[in-house]
Structure formats: C-alpha cells, structure tokens
Amino acid sequence: MQFNKFFVHKIKPDVFVLITDAGNWLQVSESELSEVNAGKPENELVKKLEEKKIILTDKNKESLTGDYKNLFNHLTHGISLHIVNPTMACNHSCHYCYANAPPVGTKNAAMSEKTAKKTVDFIWQSPMKNIVIEFQGGEPLTNFSIIQFIMDYAKTKRPKKNVHWRMVSNLSLMDETIASWCKKNSLLDICTSLDGPKEVHDKNRPMPGGSHAKVVHWINSLKNDFGFERIGTLCTVTKNSLPFAKEIVDQYLDLNLPDITPVAIRQIGRAKENWQNIGYKPEQYLEFWKSVLNQCIESTINKKQITEQFSLMIAQKLTSPKPAFHTCFSKPCGAGLMQASYQPDGSVYTCDEGKAEEIFKLGSVEQKYADVFASQSALNMVSISSSLGMICNECKWNPFCAFCPVMAYASQGSLVPLLYNNADCVIRKGQFSAVFEKLFSPEKKALSQWLGLSKAL
C-alpha cells in the first residue's frame, strides 16, 4: 500500500482532515486517523483514501495527474490581465498608497499618446485572444483623454481580440460626461475604494473636502442612473479601521453592495512610511477579518446576502478542482505569468503591486513581447513564486496558498520570505483555517449560497 504525501489538520476533537499537496482532502475521525498513521486502514476507509488519492493505486494515478494539471493550469494560460497606468499622479493622498502616487501635475507622471500607442501594440503581441485591459494609476481619470485614446486605437487593431475593459478609480473626478462615454464605449466594469463610513473612509483616504460623499454618490449613480454592469468595491483596512468592523459592513449593506473585500495593508509604498500610524500585527487584522466574515454570514443567513470575497475564493479552492485563475491565489503567482503592469513611461512590471519596486521591472514596450515575458527576470519571478524548495512545501495549506514576492521584498528586503515573520503567511494560514472550520459548521449553508450551490456542502 503506497501512501501519498499528506498533511493533517484538526477541526475539532474527533474531526480531522487529511490534505494532499494536490489539494485533495478527506474528513476522518480520530480512530480512522490512527489506522492511517499505523499504515493499516480498514476496507471502507481504504476506498475513501483511494478516492481522494491519499492512497495511490493504478486506478487513481491518472486522475491524480489530472489534479496536478488543474492546479498548475495557469502555467500555460498566458497573460490575460494587462494593467495600464495612464498616470501615476493622484488627487488623493491615501496613507497606505502602495504606488506612492505623486500629486496631480507632477512632471512625467502622465502617459503620452506615443507611449499609449506602443503599449497597445505591445499588448497585441500576446497570444491570448481574450484579454482584460484595466486602467489604474495613480488616479486614471486625471488623464482620461489617454484612456479614450487607448480604447479608440484598440478598435483599429488586428487581429481582433475580445477585450474586457475595466477601470480602478476613486470616482472623485467622475461626472456625467465621463460616465456616458464609458457606458457608450463598454467600459462598464469599474472598481473603487470604499473603506467604510465617512469617519473611517476620509481618515484613510485624505482629499481636500473629503471623498466619502463623492464615492457613495457615484456608486449609486453608476448603478441606478447609468446601468453599469458592475461596480466593484475594495475596503482597505488600516489601524483606524479595526474598531469599526460592524460599521464598515453596515455601510456596504446600506448601499446594497453584493460583496466586501477587506484588504490588509502591507509595508510597501506610502504605507511603509506611515506604518507607525496605520499599521498593525497580522493577528489584529485576522480578528477584524473574522468579525467581517461572521457578519456577512449572519446577514446572508438572515436573507440579505453579502459575500466576503477572501473566504469565497478560499472556499472555491477548498471545494472545487477547477483552477483559481486569481493571480494572487495561484502558485506560482500570476506576476509576469497571468498579469503585467504598464507604466506611463512604457516600463513593464510583473504586476500591479510590483510597480512599487524597481526590482520587479521586466522590460519595456519598446521590446518584443517574447523578449520581456521569456526573459530571465520573468522566469526567475515564476520560479521564486512557485515556493519550491521553501518551507512552504511542508505546510498543510501549500496546495491552496502562495506567497507574494513583492510583499516579501517590500517588508523584509528579500525575494525569499522569512516565513516565520511574514505577515502574509500568518494571515493566509489564519484565513484558510477559519474557512475550513466553517465548512464543518452550520454556517457552511452561507458558504454554499455564496458558491452558488443548490445544496449545502
């Protein structure tokens, strides 16, 4: 009898799960675990172990190969998310800005038409037919004319590609003319930041006159007056946010937003400078996140559904063999593999967060596409984020998790993380453990609803 490599996770005194590094897992009792540890499982248990590929046989080895193909499917997926920064300038001065965006009017902060044209030409060298072009910054609306130029120029390109247009904006410069143009030109997927009620949002995201009222107005107006398909919202969590978990969720519920994504700040960009005022320990974030998760579950059970997005992504990874295709929840991560970031000067970086550090620059749109993404720098990034040869390989969450080289470098000065002192690692472990435990509680009904399942997990 040949056992596959597996890890043991304890849910409660008599409930354990065995987890393989391909992501298969099986619930067992304490007595069944003893049988496995002794290498002498009984007949019924053998069948279950074989089904989950914890025991390897001629019957299941082909299926196990399929599991690994699913797990690493993104290695051959190609770059589909192209993040274009029309400007690095911004009219906000958010305390946690990882891009460290300079003020509007800063010299050389905005992309020219010449560079915009070369950026589109570069993206069109991608072998992918279906792509996402996402405008970020800085605040992209401070250079809206370049967004218009890029979208108009892309229409003339051949071969024809299916482009999903998206914009990440603070919405403070949105107006009816821009909204109408975006709708007419199919820029209907917009993501913004809403850090909670006014006292939290405006403290985290300073802007003369305050920005909370504007973002709330345009979230409502784009949905109700202009019929936009999706207004996504991100909630960045600072030390200032920690006492207001209930109020933040209530704000999202009051606006009838379908989900909340409470993003932990990392020591990168302006957040590193302001860490003493806005930072916290990962355990403090986890306590906040669990409060948000529990409120979302309670609201969903009480018939007003709101999804906590991190737990949804984790539940998807725990319950489905399908590849995640979420760049930060894949291993290797999607940096330079599924996404890339294009700066106003034409520089190409691994990812959106990577643009904050020069070491993550891969090349330029002046080069050939293959020379950038098959470069030694790009391949090194894929290798590093695979976590092969690291202590990650001895972690029970290894098949579901990945570390971020950008955050490791920003906070620890090394591309190889010191995991015992890595905030991302502590947070991910806490989140995976919490969601797994929800799957073995009555609250799994809410998770099933979030996953769109017709019956409970």
# chains A, B, ... in the order shown; residues from 1 in each chain; ligands from 1
>>> residues_around(residues="Asp14 in chain A", least_positions_apart="6", cutoff="12 Å", atoms="only C-alpha atoms", output="compact mmCIF listing (two decimals) with C-alpha atoms, in the first residue's frame")
# COMPACT_ATOMS: atom_id res chain seq x y z
CA GLN A 27 -12.53 14.04 6.64
CA VAL A 28 -11.61 11.30 9.12
CA SER A 29 -12.30 10.53 12.76
CA GLU A 30 -9.62 10.16 15.40
CA SER A 31 -9.82 6.37 15.21
CA GLU A 32 -9.52 6.44 11.39
CA LEU A 33 -6.53 8.74 11.70
CA SER A 34 -4.93 6.18 14.00
CA PHE A 440 -17.74 21.82 9.26
>>> select_by_dssp(residues="range 200-292 of chain A", states="strand (DSSP E or B)", output="compact mmCIF listing (two decimals) with N, CA and C atoms, in the first residue's frame")
# COMPACT_ATOMS: atom_id res chain seq x y z
N ARG A 230 -21.25 46.38 -13.37
CA ARG A 230 -20.62 46.01 -12.09
C ARG A 230 -19.82 47.18 -11.53
N ILE A 231 -20.08 47.51 -10.28
CA ILE A 231 -19.27 48.47 -9.54
C ILE A 231 -18.62 47.69 -8.40
N GLY A 232 -17.37 47.35 -8.57
CA GLY A 232 -16.65 46.63 -7.53
C GLY A 232 -16.15 47.59 -6.46
N THR A 233 -15.99 47.09 -5.27
CA THR A 233 -15.51 47.94 -4.17
C THR A 233 -14.47 47.18 -3.36
N LEU A 234 -13.40 47.90 -3.00
CA LEU A 234 -12.36 47.36 -2.13
C LEU A 234 -12.35 48.16 -0.84
N CYS A 235 -12.18 47.47 0.27
CA CYS A 235 -12.08 48.12 1.58
C CYS A 235 -10.70 47.84 2.13
N THR A 236 -9.85 48.86 2.14
CA THR A 236 -8.51 48.70 2.68
C THR A 236 -8.55 48.94 4.18
N VAL A 237 -7.93 48.05 4.93
CA VAL A 237 -8.03 48.03 6.39
C VAL A 237 -6.76 48.60 7.01
N ASP A 259 -20.82 42.45 -2.16
CA ASP A 259 -19.68 41.80 -1.52
C ASP A 259 -18.78 42.84 -0.87
N ILE A 260 -17.88 42.34 -0.04
CA ILE A 260 -16.88 43.19 0.61
C ILE A 260 -15.54 42.47 0.57
N PRO A 262 -12.12 43.03 2.40
CA PRO A 262 -11.31 43.77 3.37
C PRO A 262 -9.82 43.47 3.21
N VAL A 263 -9.11 44.36 2.52
CA VAL A 263 -7.72 44.13 2.14
C VAL A 263 -6.78 44.60 3.25
N ALA A 264 -5.89 43.72 3.66
CA ALA A 264 -4.89 44.09 4.67
C ALA A 264 -3.82 44.97 4.04
>>> closest_residue(among="A:Val15, A:Cys94, A:Ile301, A:Val365", to="Trp450 in chain A", atoms="only C-alpha atoms")
A:Ile301
>>> closest_residue(among="A:Thr177, A:Thr319, A:Gln276, A:Thr350", to="Asn380 in chain A", atoms="only C-alpha atoms")
A:Thr350
>>> residues_around(residues="Cys97 in chain A", least_positions_apart="4", cutoff="9 Å", atoms="only C-alpha atoms", output="count of residues only")
6
>>> closest_residue(among="A:Glu308, A:Glu176, A:Asp250, A:Glu134", to="Lys290 in chain A", atoms="only C-alpha atoms")
A:Glu308
>>> closest_residue(among="A:Leu64, A:Leu453, A:Cys296, A:Leu242", to="Asp195 in chain A", atoms="only C-alpha atoms")
A:Leu242
>>> residues_around(residues="range 44-54 of chain A", least_positions_apart="4", cutoff="6 Å", atoms="only C-alpha atoms", output="PyMOL selection string")
chain A and resi 3-4+24
>>> residues_around(residues="Lys107 in chain A", least_positions_apart="4", cutoff="10 Å", atoms="only C-alpha atoms", output="JSON, numbers by chain")
{"A": [89, 102, 103]}
>>> write_last_selection(atoms="C-alpha atoms", output="short mmCIF file (atom, residue, chain, number, x, y, z; two decimals), in the first residue's frame")
data_model
loop_
_atom_site.label_atom_id
_atom_site.label_comp_id
_atom_site.auth_asym_id
_atom_site.auth_seq_id
_atom_site.Cartn_x
_atom_site.Cartn_y
_atom_site.Cartn_z
CA ALA A 89 -0.47 61.03 -10.27
CA PRO A 102 2.58 61.89 -6.57
CA PRO A 103 0.19 64.87 -6.77
#
>>> closest_residue(among="A:Ala370, A:Val163, A:Ile79, A:Leu415", to="Gly336 in chain A", atoms="only C-alpha atoms")
A:Ile79
>>> residues_around(residues="Ala99 in chain A", least_positions_apart="5", cutoff="8 Å", atoms="only C-alpha atoms", output="list of chain:residue names")
A:Met88, A:Gly137, A:Gly138, A:Gly269, A:Arg270, A:Glu353, A:Lys355, A:Ala356
>>> write_last_selection(atoms="N, CA and C atoms", output="PDB file, in the first residue's frame")
ATOM      1  N   MET A  88       0.631  58.176 -13.035  1.00  0.00           N
ATOM      2  CA  MET A  88       0.933  57.759 -11.672  1.00  0.00           C
ATOM      3  C   MET A  88       0.484  58.809 -10.667  1.00  0.00           C
ATOM      4  N   GLY A 137      -3.594  53.447 -11.723  1.00  0.00           N
ATOM      5  CA  GLY A 137      -2.732  54.611 -11.572  1.00  0.00           C
ATOM      6  C   GLY A 137      -1.950  54.530 -10.278  1.00  0.00           C
ATOM      7  N   GLY A 138      -1.804  55.674  -9.589  1.00  0.00           N
ATOM      8  CA  GLY A 138      -2.490  56.942  -9.654  1.00  0.00           C
ATOM      9  C   GLY A 138      -3.997  56.857  -9.841  1.00  0.00           C
ATOM     10  N   GLY A 269       5.352  51.020  -0.415  1.00  0.00           N
ATOM     11  CA  GLY A 269       4.979  52.363  -0.823  1.00  0.00           C
ATOM     12  C   GLY A 269       4.808  53.303   0.359  1.00  0.00           C
ATOM     13  N   ARG A 270       3.731  54.101   0.304  1.00  0.00           N
ATOM     14  CA  ARG A 270       3.496  55.086   1.356  1.00  0.00           C
ATOM     15  C   ARG A 270       3.127  54.430   2.684  1.00  0.00           C
ATOM     16  N   GLU A 353       1.137  45.468  -7.909  1.00  0.00           N
ATOM     17  CA  GLU A 353       1.915  45.791  -6.720  1.00  0.00           C
ATOM     18  C   GLU A 353       3.408  45.925  -7.041  1.00  0.00           C
ATOM     19  N   LYS A 355       4.914  47.332  -9.366  1.00  0.00           N
ATOM     20  CA  LYS A 355       5.367  48.620  -9.905  1.00  0.00           C
ATOM     21  C   LYS A 355       5.954  49.520  -8.816  1.00  0.00           C
ATOM     22  N   ALA A 356       5.757  49.147  -7.551  1.00  0.00           N
ATOM     23  CA  ALA A 356       6.281  49.956  -6.447  1.00  0.00           C
ATOM     24  C   ALA A 356       7.767  49.739  -6.225  1.00  0.00           C
TER      25      ALA A 356
END
>>> residues_around(residues="Trp218 in chain A", least_positions_apart="4", cutoff="7 Å", atoms="only C-alpha atoms", output="number ranges by chain")
A: 171, 214, 222
>>> select_by_dssp(residues="range 177-384 of chain A", states="helix (DSSP H, G or I)", output="PDB file with C-alpha atoms, in the first residue's frame")
ATOM      1  CA  THR A 177     -19.953  63.213 -19.446  1.00  0.00           C
ATOM      2  CA  ILE A 178     -17.318  60.634 -18.461  1.00  0.00           C
ATOM      3  CA  ALA A 179     -19.941  58.161 -17.242  1.00  0.00           C
ATOM      4  CA  SER A 180     -21.887  58.459 -20.517  1.00  0.00           C
ATOM      5  CA  TRP A 181     -18.724  57.971 -22.587  1.00  0.00           C
ATOM      6  CA  CYS A 182     -17.722  54.917 -20.561  1.00  0.00           C
ATOM      7  CA  LYS A 183     -21.142  53.348 -20.998  1.00  0.00           C
ATOM      8  CA  LYS A 184     -21.230  54.063 -24.729  1.00  0.00           C
ATOM      9  CA  LYS A 198     -17.276  58.717   6.398  1.00  0.00           C
ATOM     10  CA  GLU A 199     -15.180  58.884   9.576  1.00  0.00           C
ATOM     11  CA  VAL A 200     -13.155  55.825   8.509  1.00  0.00           C
ATOM     12  CA  HIS A 201     -13.009  56.409   4.760  1.00  0.00           C
ATOM     13  CA  ASP A 202     -11.981  60.069   4.866  1.00  0.00           C
ATOM     14  CA  LYS A 203      -9.333  59.430   7.513  1.00  0.00           C
ATOM     15  CA  ASN A 204      -7.775  56.629   5.444  1.00  0.00           C
ATOM     16  CA  HIS A 212     -16.677  59.713   1.008  1.00  0.00           C
ATOM     17  CA  ALA A 213     -19.754  61.581  -0.228  1.00  0.00           C
ATOM     18  CA  LYS A 214     -18.498  61.526  -3.822  1.00  0.00           C
ATOM     19  CA  VAL A 215     -17.702  57.835  -3.943  1.00  0.00           C
ATOM     20  CA  VAL A 216     -21.063  56.918  -2.372  1.00  0.00           C
ATOM     21  CA  HIS A 217     -22.875  59.181  -4.851  1.00  0.00           C
ATOM     22  CA  TRP A 218     -21.177  57.658  -7.873  1.00  0.00           C
ATOM     23  CA  ILE A 219     -21.523  54.062  -6.696  1.00  0.00           C
ATOM     24  CA  ASN A 220     -25.274  54.662  -6.599  1.00  0.00           C
ATOM     25  CA  SER A 221     -25.448  56.787  -9.741  1.00  0.00           C
ATOM     26  CA  LEU A 222     -23.405  54.484 -11.987  1.00  0.00           C
ATOM     27  CA  LYS A 223     -25.624  51.558 -10.998  1.00  0.00           C
ATOM     28  CA  ASN A 224     -29.013  53.251 -10.905  1.00  0.00           C
ATOM     29  CA  LEU A 242     -10.002  47.945  13.267  1.00  0.00           C
ATOM     30  CA  PRO A 243     -12.643  49.172  15.799  1.00  0.00           C
ATOM     31  CA  PHE A 244     -15.273  49.639  13.078  1.00  0.00           C
ATOM     32  CA  ALA A 245     -15.886  46.174  11.598  1.00  0.00           C
ATOM     33  CA  LYS A 246     -19.649  46.335  12.196  1.00  0.00           C
ATOM     34  CA  GLU A 247     -19.994  49.877  10.896  1.00  0.00           C
ATOM     35  CA  ILE A 248     -17.999  49.050   7.757  1.00  0.00           C
ATOM     36  CA  VAL A 249     -20.172  46.034   6.923  1.00  0.00           C
ATOM     37  CA  ASP A 250     -23.309  48.072   7.686  1.00  0.00           C
ATOM     38  CA  GLN A 251     -22.135  50.733   5.218  1.00  0.00           C
ATOM     39  CA  TYR A 252     -21.843  48.081   2.495  1.00  0.00           C
ATOM     40  CA  LEU A 253     -25.252  46.650   3.384  1.00  0.00           C
ATOM     41  CA  ASP A 254     -26.852  50.112   3.364  1.00  0.00           C
ATOM     42  CA  ARG A 270       3.496  55.086   1.356  1.00  0.00           C
ATOM     43  CA  ALA A 271       2.237  52.532   3.873  1.00  0.00           C
ATOM     44  CA  LYS A 272       5.832  51.758   4.840  1.00  0.00           C
ATOM     45  CA  GLU A 273       6.401  55.445   5.639  1.00  0.00           C
ATOM     46  CA  TRP A 275       3.351  52.254   9.325  1.00  0.00           C
ATOM     47  CA  GLN A 276       3.601  53.598  12.875  1.00  0.00           C
ATOM     48  CA  ASN A 277       0.262  55.381  12.415  1.00  0.00           C
ATOM     49  CA  ILE A 278      -1.687  52.927  10.271  1.00  0.00           C
ATOM     50  CA  PRO A 282      -1.366  40.253  11.293  1.00  0.00           C
ATOM     51  CA  GLU A 283      -3.247  38.770  14.271  1.00  0.00           C
ATOM     52  CA  GLN A 284      -5.105  42.082  14.682  1.00  0.00           C
ATOM     53  CA  TYR A 285      -6.139  42.019  11.045  1.00  0.00           C
ATOM     54  CA  LEU A 286      -7.312  38.405  11.371  1.00  0.00           C
ATOM     55  CA  GLU A 287      -9.528  39.323  14.310  1.00  0.00           C
ATOM     56  CA  PHE A 288     -11.066  42.134  12.249  1.00  0.00           C
ATOM     57  CA  TRP A 289     -11.459  39.906   9.182  1.00  0.00           C
ATOM     58  CA  LYS A 290     -13.202  37.167  11.163  1.00  0.00           C
ATOM     59  CA  SER A 291     -15.644  39.741  12.518  1.00  0.00           C
ATOM     60  CA  VAL A 292     -16.413  40.903   8.970  1.00  0.00           C
ATOM     61  CA  LEU A 293     -16.799  37.286   7.792  1.00  0.00           C
ATOM     62  CA  ASN A 294     -19.159  36.412  10.634  1.00  0.00           C
ATOM     63  CA  GLN A 295     -21.300  39.475   9.964  1.00  0.00           C
ATOM     64  CA  CYS A 296     -21.528  38.593   6.265  1.00  0.00           C
ATOM     65  CA  ILE A 297     -22.530  35.021   7.087  1.00  0.00           C
ATOM     66  CA  GLU A 298     -25.143  36.216   9.598  1.00  0.00           C
ATOM     67  CA  SER A 299     -26.580  38.694   7.097  1.00  0.00           C
ATOM     68  CA  THR A 300     -26.697  36.021   4.375  1.00  0.00           C
ATOM     69  CA  ILE A 301     -28.485  33.570   6.680  1.00  0.00           C
ATOM     70  CA  GLN A 309     -14.578  37.784  -1.021  1.00  0.00           C
ATOM     71  CA  PHE A 310     -11.462  36.239   0.536  1.00  0.00           C
ATOM     72  CA  SER A 311     -13.433  33.442   2.172  1.00  0.00           C
ATOM     73  CA  LEU A 312     -15.324  32.899  -1.087  1.00  0.00           C
ATOM     74  CA  MET A 313     -12.063  32.453  -3.023  1.00  0.00           C
ATOM     75  CA  ILE A 314     -10.704  30.148  -0.329  1.00  0.00           C
ATOM     76  CA  ALA A 315     -13.921  28.096  -0.278  1.00  0.00           C
ATOM     77  CA  GLN A 316     -13.710  27.766  -4.064  1.00  0.00           C
ATOM     78  CA  LYS A 317     -10.162  26.435  -3.785  1.00  0.00           C
ATOM     79  CA  LEU A 318     -11.102  24.030  -0.993  1.00  0.00           C
ATOM     80  CA  THR A 319     -14.184  22.610  -2.679  1.00  0.00           C
ATOM     81  CA  THR A 327      -3.376  35.837  -9.727  1.00  0.00           C
ATOM     82  CA  CYS A 328      -2.633  36.129  -6.006  1.00  0.00           C
ATOM     83  CA  PHE A 329      -4.200  32.765  -5.120  1.00  0.00           C
ATOM     84  CA  GLU A 353       1.915  45.791  -6.720  1.00  0.00           C
ATOM     85  CA  GLY A 354       5.280  45.151  -8.367  1.00  0.00           C
ATOM     86  CA  LYS A 355       5.367  48.620  -9.905  1.00  0.00           C
ATOM     87  CA  ALA A 356       6.281  49.956  -6.447  1.00  0.00           C
ATOM     88  CA  GLU A 358      12.290  48.685  -9.399  1.00  0.00           C
ATOM     89  CA  ILE A 359      13.463  45.089  -8.949  1.00  0.00           C
ATOM     90  CA  PHE A 360      10.146  43.859 -10.420  1.00  0.00           C
ATOM     91  CA  TYR A 369       6.690  40.755 -26.177  1.00  0.00           C
ATOM     92  CA  ALA A 370       8.526  37.421 -26.007  1.00  0.00           C
ATOM     93  CA  ASP A 371      11.782  39.095 -25.004  1.00  0.00           C
ATOM     94  CA  VAL A 372      10.058  40.590 -21.957  1.00  0.00           C
ATOM     95  CA  PHE A 373       7.979  37.666 -20.730  1.00  0.00           C
ATOM     96  CA  GLN A 376      15.473  35.694 -17.220  1.00  0.00           C
ATOM     97  CA  SER A 377      13.825  38.233 -14.901  1.00  0.00           C
ATOM     98  CA  ALA A 378      10.337  36.963 -15.745  1.00  0.00           C
ATOM     99  CA  LEU A 379      11.314  33.305 -15.427  1.00  0.00           C
ATOM    100  CA  ASN A 380      13.052  33.975 -12.124  1.00  0.00           C
ATOM    101  CA  MET A 381       9.840  35.530 -10.791  1.00  0.00           C
ATOM    102  CA  VAL A 382       7.837  32.454 -11.789  1.00  0.00           C
ATOM    103  CA  SER A 383      10.430  30.232 -10.128  1.00  0.00           C
ATOM    104  CA  ILE A 384      10.535  32.237  -6.895  1.00  0.00           C
TER     105      ILE A 384
END
>>> atom_distance(atom1="CA of Pro159 in chain A", atom2="CA of Ile133 in chain A")
16.1 Å
>>> atom_distance(atom1="CA of Val84 in chain A", atom2="CA of Gln136 in chain A")
6.1 Å
